[in-house]
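> Contents of work08.csv (CSV, C-alpha atoms):
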chain,number,residue,atom,x,y,z
J,244,MET,CA,-100.8,47.2,67.4
J,245,GLU,CA,-99.3,43.9,68.4
J,246,LYS,CA,-100.4,42.4,71.7
J,247,ILE,CA,-97.8,42.2,74.5
J,248,GLY,CA,-98.4,38.5,74.9
J,249,ASP,CA,-97.6,37.8,71.2
J,250,THR,CA,-94.4,39.8,71.4
J,251,LEU,CA,-93.3,38.0,74.5
J,252,LYS,CA,-94.0,34.6,72.8
J,253,LYS,CA,-91.9,35.5,69.8
J,254,LEU,CA,-89.1,36.7,72.1
J,255,GLY,CA,-89.3,33.4,74.0
J,256,GLU,CA,-89.2,31.4,70.8
J,257,ARG,CA,-86.2,33.4,69.7
J,258,SER,CA,-84.5,32.7,73.0
J,259,SER,CA,-85.3,29.0,72.7
J,260,PHE,CA,-83.8,28.9,69.2
J,261,LEU,CA,-80.6,30.7,70.3
J,262,ASP,CA,-80.2,28.2,73.2
J,263,ARG,CA,-80.6,25.3,70.8
J,264,TYR,CA,-78.2,26.9,68.4
J,265,GLU,CA,-75.5,27.4,71.0
J,266,LYS,CA,-76.0,23.9,72.3
J,267,MET,CA,-75.6,22.4,68.8
J,268,ARG,CA,-72.6,24.6,68.1
J,269,LYS,CA,-70.9,23.4,71.3
J,270,GLU,CA,-71.7,19.8,70.5
J,271,ILE,CA,-70.1,20.2,67.1
J,272,LEU,CA,-67.0,22.1,68.3
J,273,ASP,CA,-66.5,19.6,71.1
J,274,ASN,CA,-66.4,16.7,68.7
J,275,PRO,CA,-62.8,15.3,68.6
J,276,GLU,CA,-62.8,14.8,64.8
J,277,VAL,CA,-64.0,18.3,64.2
J,278,ARG,CA,-61.5,19.7,66.6
J,279,ARG,CA,-58.7,17.7,64.9
J,280,PHE,CA,-59.8,19.0,61.4
J,281,ILE,CA,-59.8,22.6,62.6
J,282,GLU,CA,-56.4,22.2,64.2
J,283,GLU,CA,-54.9,20.6,61.1
J,284,ASN,CA,-56.3,23.6,59.0
J,285,ARG,CA,-55.7,26.3,61.6
J,286,GLY,CA,-54.3,28.8,59.1
J,287,GLU,CA,-57.3,28.5,56.8
J,288,VAL,CA,-60.4,27.8,59.0
J,289,THR,CA,-61.9,31.0,60.5
J,290,ARG,CA,-64.8,31.5,63.0
J,291,THR,CA,-66.9,32.8,60.2
J,292,MET,CA,-66.2,29.7,58.1
J,293,ILE,CA,-67.2,27.5,61.0
J,294,ASP,CA,-70.4,29.4,61.6
J,295,ASN,CA,-71.3,29.2,58.0
J,296,SER,CA,-70.6,25.5,57.9
J,297,LEU,CA,-72.4,24.3,61.1
J,298,VAL,CA,-75.1,22.4,59.1
J,299,LYS,CA,-72.4,20.5,57.2
J,300,LEU,CA,-70.4,19.9,60.4
J,301,TYR,CA,-73.5,18.5,62.1
J,302,GLU,CA,-74.1,16.3,59.1
J,303,PHE,CA,-70.5,15.0,59.6
J,304,ILE,CA,-70.7,14.2,63.3
J,305,SER,CA,-74.1,12.6,63.0
J,306,GLN,CA,-72.7,9.7,60.9
J,307,SER,CA,-70.6,6.6,61.5
J,308,LYS,CA,-66.9,6.6,60.5
J,309,ASN,CA,-64.6,3.7,59.8
J,310,CYS,CA,-67.6,1.3,60.0
J,311,ALA,CA,-67.6,1.7,63.8
J,312,ASN,CA,-71.2,0.6,64.3
J,313,CYS,CA,-71.5,-1.9,61.4
J,314,THR,CA,-70.5,-5.5,60.8
J,315,CYS,CA,-71.6,-5.6,57.2
J,316,LEU,CA,-72.8,-3.2,54.4
J,317,GLY,CA,-76.4,-4.0,55.1
J,318,GLU,CA,-76.2,-2.4,58.6
J,319,CYS,CA,-74.9,0.9,57.4
J,320,LYS,CA,-77.0,3.8,58.8
J,321,ASN,CA,-75.3,6.6,57.0
J,322,ILE,CA,-77.1,9.0,54.7
J,323,ILE,CA,-75.5,7.3,51.7
J,324,PRO,CA,-75.2,3.6,52.6
J,325,GLY,CA,-71.7,2.3,52.1
J,326,PHE,CA,-70.1,5.7,52.2
J,327,GLU,CA,-68.6,7.5,55.1
J,328,PRO,CA,-68.1,11.3,55.5
J,329,GLU,CA,-64.9,13.2,55.6
J,330,LEU,CA,-64.4,16.9,56.0
J,331,VAL,CA,-62.9,19.1,53.3
J,332,ILE,CA,-62.6,22.8,52.6
J,333,ASN,CA,-64.4,23.9,49.5
J,334,ARG,CA,-64.6,27.6,48.4
J,335,ASN,CA,-64.2,29.1,51.9
J,336,VAL,CA,-66.7,26.7,53.6
J,337,ILE,CA,-66.2,23.4,55.3
J,338,ASP,CA,-68.0,20.7,53.3
J,339,VAL,CA,-68.6,17.0,53.6
J,340,HIS,CA,-67.2,14.6,51.0
J,341,TYR,CA,-68.3,11.0,50.9
J,342,VAL,CA,-65.9,8.1,50.3
J,343,PRO,CA,-66.6,4.3,50.1
J,344,CYS,CA,-66.3,2.5,53.4
J,345,LYS,CA,-64.4,-0.8,53.8
J,346,PHE,CA,-67.5,-2.9,53.4
J,347,LYS,CA,-68.5,-1.0,50.3
J,348,VAL,CA,-65.1,-1.6,48.7
J,349,MET,CA,-65.3,-5.3,49.5
J,350,GLU,CA,-68.8,-5.5,48.1
J,351,ASP,CA,-67.7,-3.7,44.9
J,352,GLU,CA,-64.8,-6.1,44.5
J,353,LYS,CA,-67.1,-9.1,45.0
J,354,LYS,CA,-69.5,-7.8,42.4
J,355,LYS,CA,-66.6,-7.1,40.0
J,356,ALA,CA,-65.5,-10.7,40.4
J,357,GLU,CA,-69.0,-12.0,39.9
J,358,ARG,CA,-69.3,-9.9,36.7
J,359,LEU,CA,-66.0,-11.3,35.3
J,360,ILE,CA,-66.5,-14.9,36.5
J,361,GLN,CA,-70.1,-15.9,35.9
J,362,CYS,CA,-69.5,-19.5,37.0
J,363,LEU,CA,-68.8,-19.3,40.8
J,364,HIS,CA,-71.8,-21.6,41.3
J,365,MET,CA,-70.9,-22.3,44.9
J,366,PRO,CA,-73.8,-23.8,46.9
J,367,LYS,CA,-75.6,-21.4,49.2
J,368,GLU,CA,-74.6,-23.2,52.4
J,369,ILE,CA,-70.9,-22.9,51.4
J,370,LEU,CA,-71.2,-19.2,50.9
J,371,GLN,CA,-72.7,-19.0,54.4
J,372,ALA,CA,-70.2,-21.4,56.0
J,373,SER,CA,-68.8,-20.6,59.5
J,374,MET,CA,-65.7,-21.9,61.2
J,375,SER,CA,-67.7,-22.5,64.3
J,376,ASP,CA,-70.0,-24.9,62.4
J,377,VAL,CA,-67.2,-27.0,60.9
J,378,LEU,CA,-67.7,-30.5,62.2
J,379,ILE,CA,-64.6,-32.0,64.0
J,380,ASP,CA,-65.0,-35.7,64.2
J,381,SER,CA,-61.5,-37.0,63.2
J,382,PRO,CA,-57.9,-36.0,63.9
J,383,SER,CA,-57.5,-34.9,60.3
J,384,ARG,CA,-60.4,-32.5,60.5
J,385,LEU,CA,-59.1,-31.1,63.8
J,386,LYS,CA,-55.7,-30.5,62.2
J,387,ALA,CA,-57.2,-28.8,59.2
J,388,VAL,CA,-59.3,-26.5,61.3
J,389,GLN,CA,-56.4,-25.6,63.6
J,390,ARG,CA,-54.2,-24.8,60.6
J,391,ALA,CA,-56.9,-22.7,59.0
J,392,GLU,CA,-57.4,-20.7,62.2
J,393,GLN,CA,-53.7,-20.1,62.4
J,394,PHE,CA,-53.7,-18.8,58.9
J,395,ILE,CA,-56.6,-16.5,59.5
J,396,GLU,CA,-55.1,-15.2,62.8
J,397,LYS,CA,-51.6,-14.6,61.3
J,398,TYR,CA,-52.6,-13.3,57.9
J,399,ASN,CA,-50.8,-10.2,56.8
J,400,LYS,CA,-50.7,-9.2,53.1
J,401,ASP,CA,-47.1,-8.1,53.5
J,402,ASN,CA,-45.9,-11.4,54.9
J,403,PHE,CA,-46.5,-14.4,52.7
J,404,GLN,CA,-48.3,-17.4,54.1
J,405,ARG,CA,-48.9,-20.6,52.2
J,406,GLY,CA,-52.5,-21.7,51.8
J,407,PHE,CA,-53.6,-25.3,52.0
J,408,TYR,CA,-54.2,-28.1,49.6
J,409,PHE,CA,-57.2,-29.9,51.3
J,410,TYR,CA,-57.6,-33.4,49.8
J,411,GLY,CA,-59.5,-36.5,50.6
J,412,PRO,CA,-62.6,-38.5,49.8
J,413,PHE,CA,-65.8,-37.1,48.4
J,414,GLY,CA,-68.1,-35.4,50.9
J,415,THR,CA,-65.7,-34.9,53.8
J,416,GLY,CA,-66.2,-31.2,54.2
J,417,LYS,CA,-63.3,-29.8,52.2
J,418,THR,CA,-65.4,-27.2,50.3
J,419,TYR,CA,-67.3,-26.2,53.4
J,420,LEU,CA,-64.0,-25.5,55.2
J,421,LEU,CA,-62.9,-23.3,52.2
J,422,GLY,CA,-66.1,-21.3,52.5
J,423,ALA,CA,-65.7,-20.9,56.3
J,424,ILE,CA,-62.2,-19.6,55.8
J,425,ALA,CA,-63.3,-17.1,53.2
J,426,ASN,CA,-66.2,-15.9,55.4
J,427,GLU,CA,-63.9,-15.5,58.4
J,428,LEU,CA,-61.4,-13.5,56.3
J,429,ALA,CA,-64.3,-11.3,55.1
J,430,ARG,CA,-65.3,-10.5,58.6
J,431,ARG,CA,-61.8,-9.3,59.1
J,432,LYS,CA,-62.1,-7.1,56.0
J,433,ILE,CA,-59.8,-9.4,54.0
J,434,PRO,CA,-61.2,-10.1,50.5
J,435,SER,CA,-60.9,-13.5,48.8
J,436,LEU,CA,-62.1,-15.2,45.7
J,437,ILE,CA,-63.4,-18.8,45.7
J,438,VAL,CA,-64.1,-20.6,42.4
J,439,TYR,CA,-65.4,-24.0,41.4
J,440,VAL,CA,-62.7,-25.2,39.0
J,441,PRO,CA,-64.8,-27.2,36.4
J,442,GLU,CA,-67.2,-24.3,35.9
J,443,LEU,CA,-64.3,-21.8,35.8
J,444,ILE,CA,-62.7,-23.8,33.0
J,445,ARG,CA,-66.0,-23.8,31.1
J,446,GLU,CA,-66.3,-20.0,31.5
J,447,MET,CA,-62.7,-19.5,30.4
J,448,LYS,CA,-63.3,-21.3,27.2
J,449,GLN,CA,-66.4,-19.3,26.5
J,450,SER,CA,-64.6,-16.0,27.3
J,451,ILE,CA,-62.3,-16.5,24.3
J,452,ASN,CA,-65.3,-15.5,22.1
J,453,ASP,CA,-66.3,-12.4,24.1
J,454,HIS,CA,-62.7,-11.2,24.6
J,455,THR,CA,-62.8,-11.3,28.4
J,456,LEU,CA,-60.2,-14.1,28.9
J,457,ASN,CA,-57.4,-11.7,29.8
J,458,ASP,CA,-59.5,-9.8,32.3
J,459,LYS,CA,-60.5,-13.0,34.0
J,460,LEU,CA,-57.0,-14.3,34.1
J,461,GLN,CA,-55.8,-11.0,35.6
J,462,MET,CA,-58.5,-11.1,38.3
J,463,LEU,CA,-57.5,-14.6,39.3
J,464,LYS,CA,-53.8,-13.8,39.3
J,465,ASN,CA,-54.3,-10.7,41.5
J,466,ALA,CA,-56.9,-11.9,44.0
J,467,PRO,CA,-55.4,-11.3,47.5
J,468,ILE,CA,-56.5,-14.8,48.4
J,469,LEU,CA,-57.6,-17.3,45.8
J,470,MET,CA,-59.4,-20.6,46.4
J,471,PHE,CA,-59.7,-23.3,43.8
J,472,ASP,CA,-62.4,-25.7,44.7
J,473,ASP,CA,-62.3,-29.3,43.3
J,474,ILE,CA,-59.2,-29.1,41.2
J,475,GLY,CA,-58.8,-32.3,39.3
J,476,ALA,CA,-62.5,-32.7,38.6
J,477,GLU,CA,-62.1,-30.9,35.3
J,478,ALA,CA,-61.4,-32.6,32.0
J,479,VAL,CA,-57.7,-32.0,31.2
J,480,SER,CA,-56.6,-30.3,28.0
J,481,SER,CA,-53.2,-28.9,27.2
J,482,TRP,CA,-54.9,-25.4,26.9
J,483,VAL,CA,-56.4,-25.6,30.4
J,484,ARG,CA,-53.2,-26.8,32.0
J,485,ASP,CA,-50.7,-24.6,30.1
J,486,GLU,CA,-52.7,-21.4,29.3
J,487,VAL,CA,-55.0,-21.1,32.3
J,488,LEU,CA,-53.7,-22.9,35.4
J,489,SER,CA,-50.0,-22.6,34.8
J,490,PRO,CA,-49.8,-18.7,34.3
J,491,ILE,CA,-52.2,-18.1,37.2
J,492,LEU,CA,-50.1,-20.3,39.6
J,493,GLN,CA,-46.8,-19.0,38.3
J,494,TYR,CA,-47.8,-15.4,38.8
J,495,ARG,CA,-49.2,-16.1,42.3
J,496,MET,CA,-46.0,-17.9,43.2
J,497,LEU,CA,-43.8,-15.0,42.1
J,498,GLU,CA,-46.0,-12.5,43.8
J,499,LYS,CA,-46.3,-14.7,46.9
J,500,LEU,CA,-50.1,-14.6,47.0
J,501,PRO,CA,-51.9,-17.2,49.3
J,502,THR,CA,-53.7,-19.8,47.3
J,503,PHE,CA,-56.0,-22.6,48.5
J,504,PHE,CA,-57.2,-25.8,46.8
J,505,THR,CA,-59.5,-28.7,47.4
J,506,SER,CA,-59.4,-32.0,45.6
J,507,ASN,CA,-60.3,-35.6,45.7
J,508,PHE,CA,-56.8,-36.4,44.6
J,509,ASP,CA,-53.6,-36.3,46.6
J,510,LEU,CA,-50.7,-34.5,44.8
J,511,GLN,CA,-49.4,-37.7,43.3
J,512,ALA,CA,-52.8,-38.6,41.8
J,513,LEU,CA,-53.3,-35.0,40.6
J,514,LEU,CA,-49.9,-35.2,38.9
J,515,HIS,CA,-51.2,-38.3,37.0
J,516,HIS,CA,-54.5,-36.6,36.2
J,517,LEU,CA,-52.7,-33.5,34.7
J,518,THR,CA,-50.2,-35.6,32.8
J,519,TYR,CA,-52.6,-37.1,30.3
J,520,SER,CA,-54.8,-34.7,28.2
J,521,GLN,CA,-58.1,-35.6,26.6
J,522,ARG,CA,-56.2,-36.4,23.4
J,523,GLY,CA,-54.1,-39.0,25.2
J,524,GLU,CA,-51.0,-36.9,25.1
J,525,GLU,CA,-48.5,-37.6,27.9
J,526,GLU,CA,-46.7,-34.5,29.3
J,527,LYS,CA,-45.2,-35.3,32.7
J,528,LEU,CA,-42.9,-32.2,32.7
J,529,LYS,CA,-45.7,-29.7,32.3
J,530,ALA,CA,-47.9,-31.5,34.8
J,531,GLY,CA,-44.9,-31.6,37.2
J,532,ARG,CA,-44.5,-27.9,37.0
J,533,ILE,CA,-48.1,-27.4,38.0
J,534,ILE,CA,-47.5,-29.6,41.1
J,535,GLU,CA,-44.3,-27.8,42.0
J,536,ARG,CA,-46.2,-24.5,42.0
J,537,ILE,CA,-49.0,-25.9,44.1
J,538,GLN,CA,-46.5,-27.2,46.6
J,539,TYR,CA,-44.9,-23.8,46.8
J,540,LEU,CA,-48.3,-22.1,47.3
J,541,ALA,CA,-50.0,-24.6,49.6
J,542,ASP,CA,-49.4,-27.2,52.3
J,543,PRO,CA,-51.1,-30.5,51.7
J,544,ILE,CA,-53.6,-31.5,54.4
J,545,LYS,CA,-55.6,-34.7,54.2
J,546,ILE,CA,-59.3,-34.5,55.4
J,547,ASP,CA,-61.0,-37.8,56.0
J,548,GLY,CA,-63.9,-39.1,58.0
J,549,LYS,CA,-67.5,-39.9,57.3
J,550,ASN,CA,-69.2,-38.7,54.1
J,551,LYS,CA,-71.3,-35.8,55.5
J,552,ARG,CA,-73.1,-35.3,52.2
J,553,PHE,CA,-74.3,-38.9,52.1
J,554,GLU,CA,-75.4,-38.7,55.8
J,555,SER,CA,-77.5,-35.6,55.1
J,556,GLU,CA,-79.2,-37.4,52.1
J,557,GLU,CA,-79.9,-40.4,54.3
J,558,GLN,CA,-81.6,-38.2,56.8
For this file, produce the structure as structure tokens.

Amino acid sequence: MEKIGDTLKKLGERSSFLDRYEKMRKEILDNPEVRRFIEENRGEVTRTMIDNSLVKLYEFISQSKNCANCTCLGECKNIIPGFEPELVINRNVIDVHYVPCKFKVMEDEKKKAERLIQCLHMPKEILQASMSDVLIDSPSRLKAVQRAEQFIEKYNKDNFQRGFYFYGPFGTGKTYLLGAIANELARRKIPSLIVYVPELIREMKQSINDHTLNDKLQMLKNAPILMFDDIGAEAVSSWVRDEVLSPILQYRMLEKLPTFFTSNFDLQALLHHLTYSQRGEEEKLKAGRIIERIQYLADPIKIDGKNKRFESEEQ
């Protein structure tokens, strides 16, 4: 025969469990997103379905949605990092379906770009650049930063904004400013692609053999924001100019996709650079078309000042 004390203990434990159950059920049903889901599916969701799905509903409310508590993919606290839950009805029960979050989508796009273009080769400090760390010690730098901030603030994929053609002497921070713009856009969940032109051209030539040239061209054409670093530093060939740069810039011009450039050349000097190929051929018309497309896509802004790279080496 069971002792009275043991019986009372079991009844107490059962009572405690029921209290916790009702508390959890109330917490779930008071959740605004759960209430919205039930309301939207009023004709299909029943009390029995809700009771049978409490574990899944609790799984749903316990996680972050819309990256509300994250600033990057590495901070994700969800069960599956990079994925956020959504409620669905599956065979007469409420279930949880996971979809990639905004940061996961951006990371996947970045990895996709890295797989296709193996030659990004941007210095580590450039990939970590910040607008707040851009040195402003000359009127041209101030103008460049102000225009960059205006672009970032006003950017809307449905309203075309021209990018910038930053030009000036070696070591004046043009590439760093590109990296800072790219990182600030990323913080706003706006993807961009930055490529070092000489290495890009080398990779494009190699991709003819592995049949990935078209994929790479399509990626560069369709990048929401594309940044060409150090255009003019590459050796000019008719193929580079006419089969790589020209179709990319033509497509981006027609589709009104923002494009940025850095160069040691002003546009007149770049025109001269693109006019003469390695074989000594002179083709001003084709070079001029490249310049026209750059002028449509980007406003030229000179950046001068002290050579920051030289100063860092001196220190």
> Nearest to J:Cys310: which of J:Cys344, J:Leu261, J:Ile332, J:Ile444 is it, counting only C-alpha atoms?
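Of J:Cys344, J:Leu261, J:Ile332, J:Ile444, the one nearest J:Cys310, counting only C-alpha atoms, is J:Cys344.
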> Quick one: pull the distance between atom CA of J:Asp262 and atom CA of J:Val298, Å, one decimal.
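These two atoms are separated by 16.1 Å.
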> Using only C-alpha atoms for the distances, tell me which of J:Val440, J:Ala391, J:Ala512, J:Met462 is nearest to J:Arg484.
J:Val440
> Restricting the calculation to all atoms listed in the file: of J:Leu460, J:Val388, J:Met365, J:Ala429, which residue gets closest to J:Asp473?
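Under the stated criterion, the closest residue is J:Met365.
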> Return the single residue from J:Gln393, J:Gln538, J:Asn507, J:Thr518 that is closest to J:Leu428, with distances computed using all atoms listed in the file.
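The closest residue to J:Leu428 is J:Gln393.
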> Here is a test: counting all atoms listed in the file, which residue of J:Ile369, J:Ile293, J:Leu300, J:Ile546 is nearest to J:Asn335?
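Closest to J:Asn335, using all atoms listed in the file: J:Ile293.
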> Mind pulling up the distance from atom CA of J:Arg532 to atom CA of J:Leu514?
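These two atoms are separated by 9.3 Å.
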> Rounded to one decimal in Å, what is the spacing between atom CA of J:Glu352 and atom CA of J:Lys464?
14.4 Å
> List every protein, DNA or RNA residue that has at least one atom no more than 12 Å from (-50.9, -9.4, 55.7) in the file's coordinates, counting all atoms listed in the file, and write the result as a CSV table (one decimal) with C-alpha atoms, in the coordinates of the input.

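out00.csv, written as the output of this step:
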chain,number,residue,atom,x,y,z
J,394,PHE,CA,-53.7,-18.8,58.9
J,395,ILE,CA,-56.6,-16.5,59.5
J,396,GLU,CA,-55.1,-15.2,62.8
J,397,LYS,CA,-51.6,-14.6,61.3
J,398,TYR,CA,-52.6,-13.3,57.9
J,399,ASN,CA,-50.8,-10.2,56.8
J,400,LYS,CA,-50.7,-9.2,53.1
J,401,ASP,CA,-47.1,-8.1,53.5
J,402,ASN,CA,-45.9,-11.4,54.9
J,403,PHE,CA,-46.5,-14.4,52.7
J,404,GLN,CA,-48.3,-17.4,54.1
J,405,ARG,CA,-48.9,-20.6,52.2
J,428,LEU,CA,-61.4,-13.5,56.3
J,431,ARG,CA,-61.8,-9.3,59.1
J,432,LYS,CA,-62.1,-7.1,56.0
J,433,ILE,CA,-59.8,-9.4,54.0
J,434,PRO,CA,-61.2,-10.1,50.5
J,467,PRO,CA,-55.4,-11.3,47.5
J,468,ILE,CA,-56.5,-14.8,48.4
J,499,LYS,CA,-46.3,-14.7,46.9
J,500,LEU,CA,-50.1,-14.6,47.0
J,501,PRO,CA,-51.9,-17.2,49.3
> Quick one: everything within 7 Å of J:Pro441, counting all atoms listed in the file, minus sequence neighbours fewer than 2 positions away in the same chain. Send it as a PyMOL selection string.
chain J and resi 439+443-445+476-477
> Could you give me, as a list of chain:residue names, the residues within 10 Å of stretch 283-285 of chain J, counting all atoms listed in the file and dropping anything in the same chain fewer than 5 positions from it?
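Everything that qualifies: J:Val277, J:Arg278, J:Val331, J:Ile332.
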> Just checking: using only C-alpha atoms, which residue out of J:Ile304, J:Val348, J:Ala425, J:Ile379 ends up closest to J:Ile271?
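Among the listed residues, the smallest separation from J:Ile271 belongs to J:Ile304.
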> Do a neighbour search on J:Val342 at 7 Å with only C-alpha atoms, toss out local chain neighbours closer than 2 positions, and write the hits as a list of chain:residue names.
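Final neighbour list, sorted by chain and number: J:Phe326, J:Glu327, J:Pro328, J:His340, J:Cys344.
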> For a cut-off of 9 Å around (-72.4, 25.1, 66.1), file coordinates, pick out all residues using all atoms listed in the file and list them as an MDAnalysis selection string.
chainID J and resid 264:272 293:294 296:298 300:301
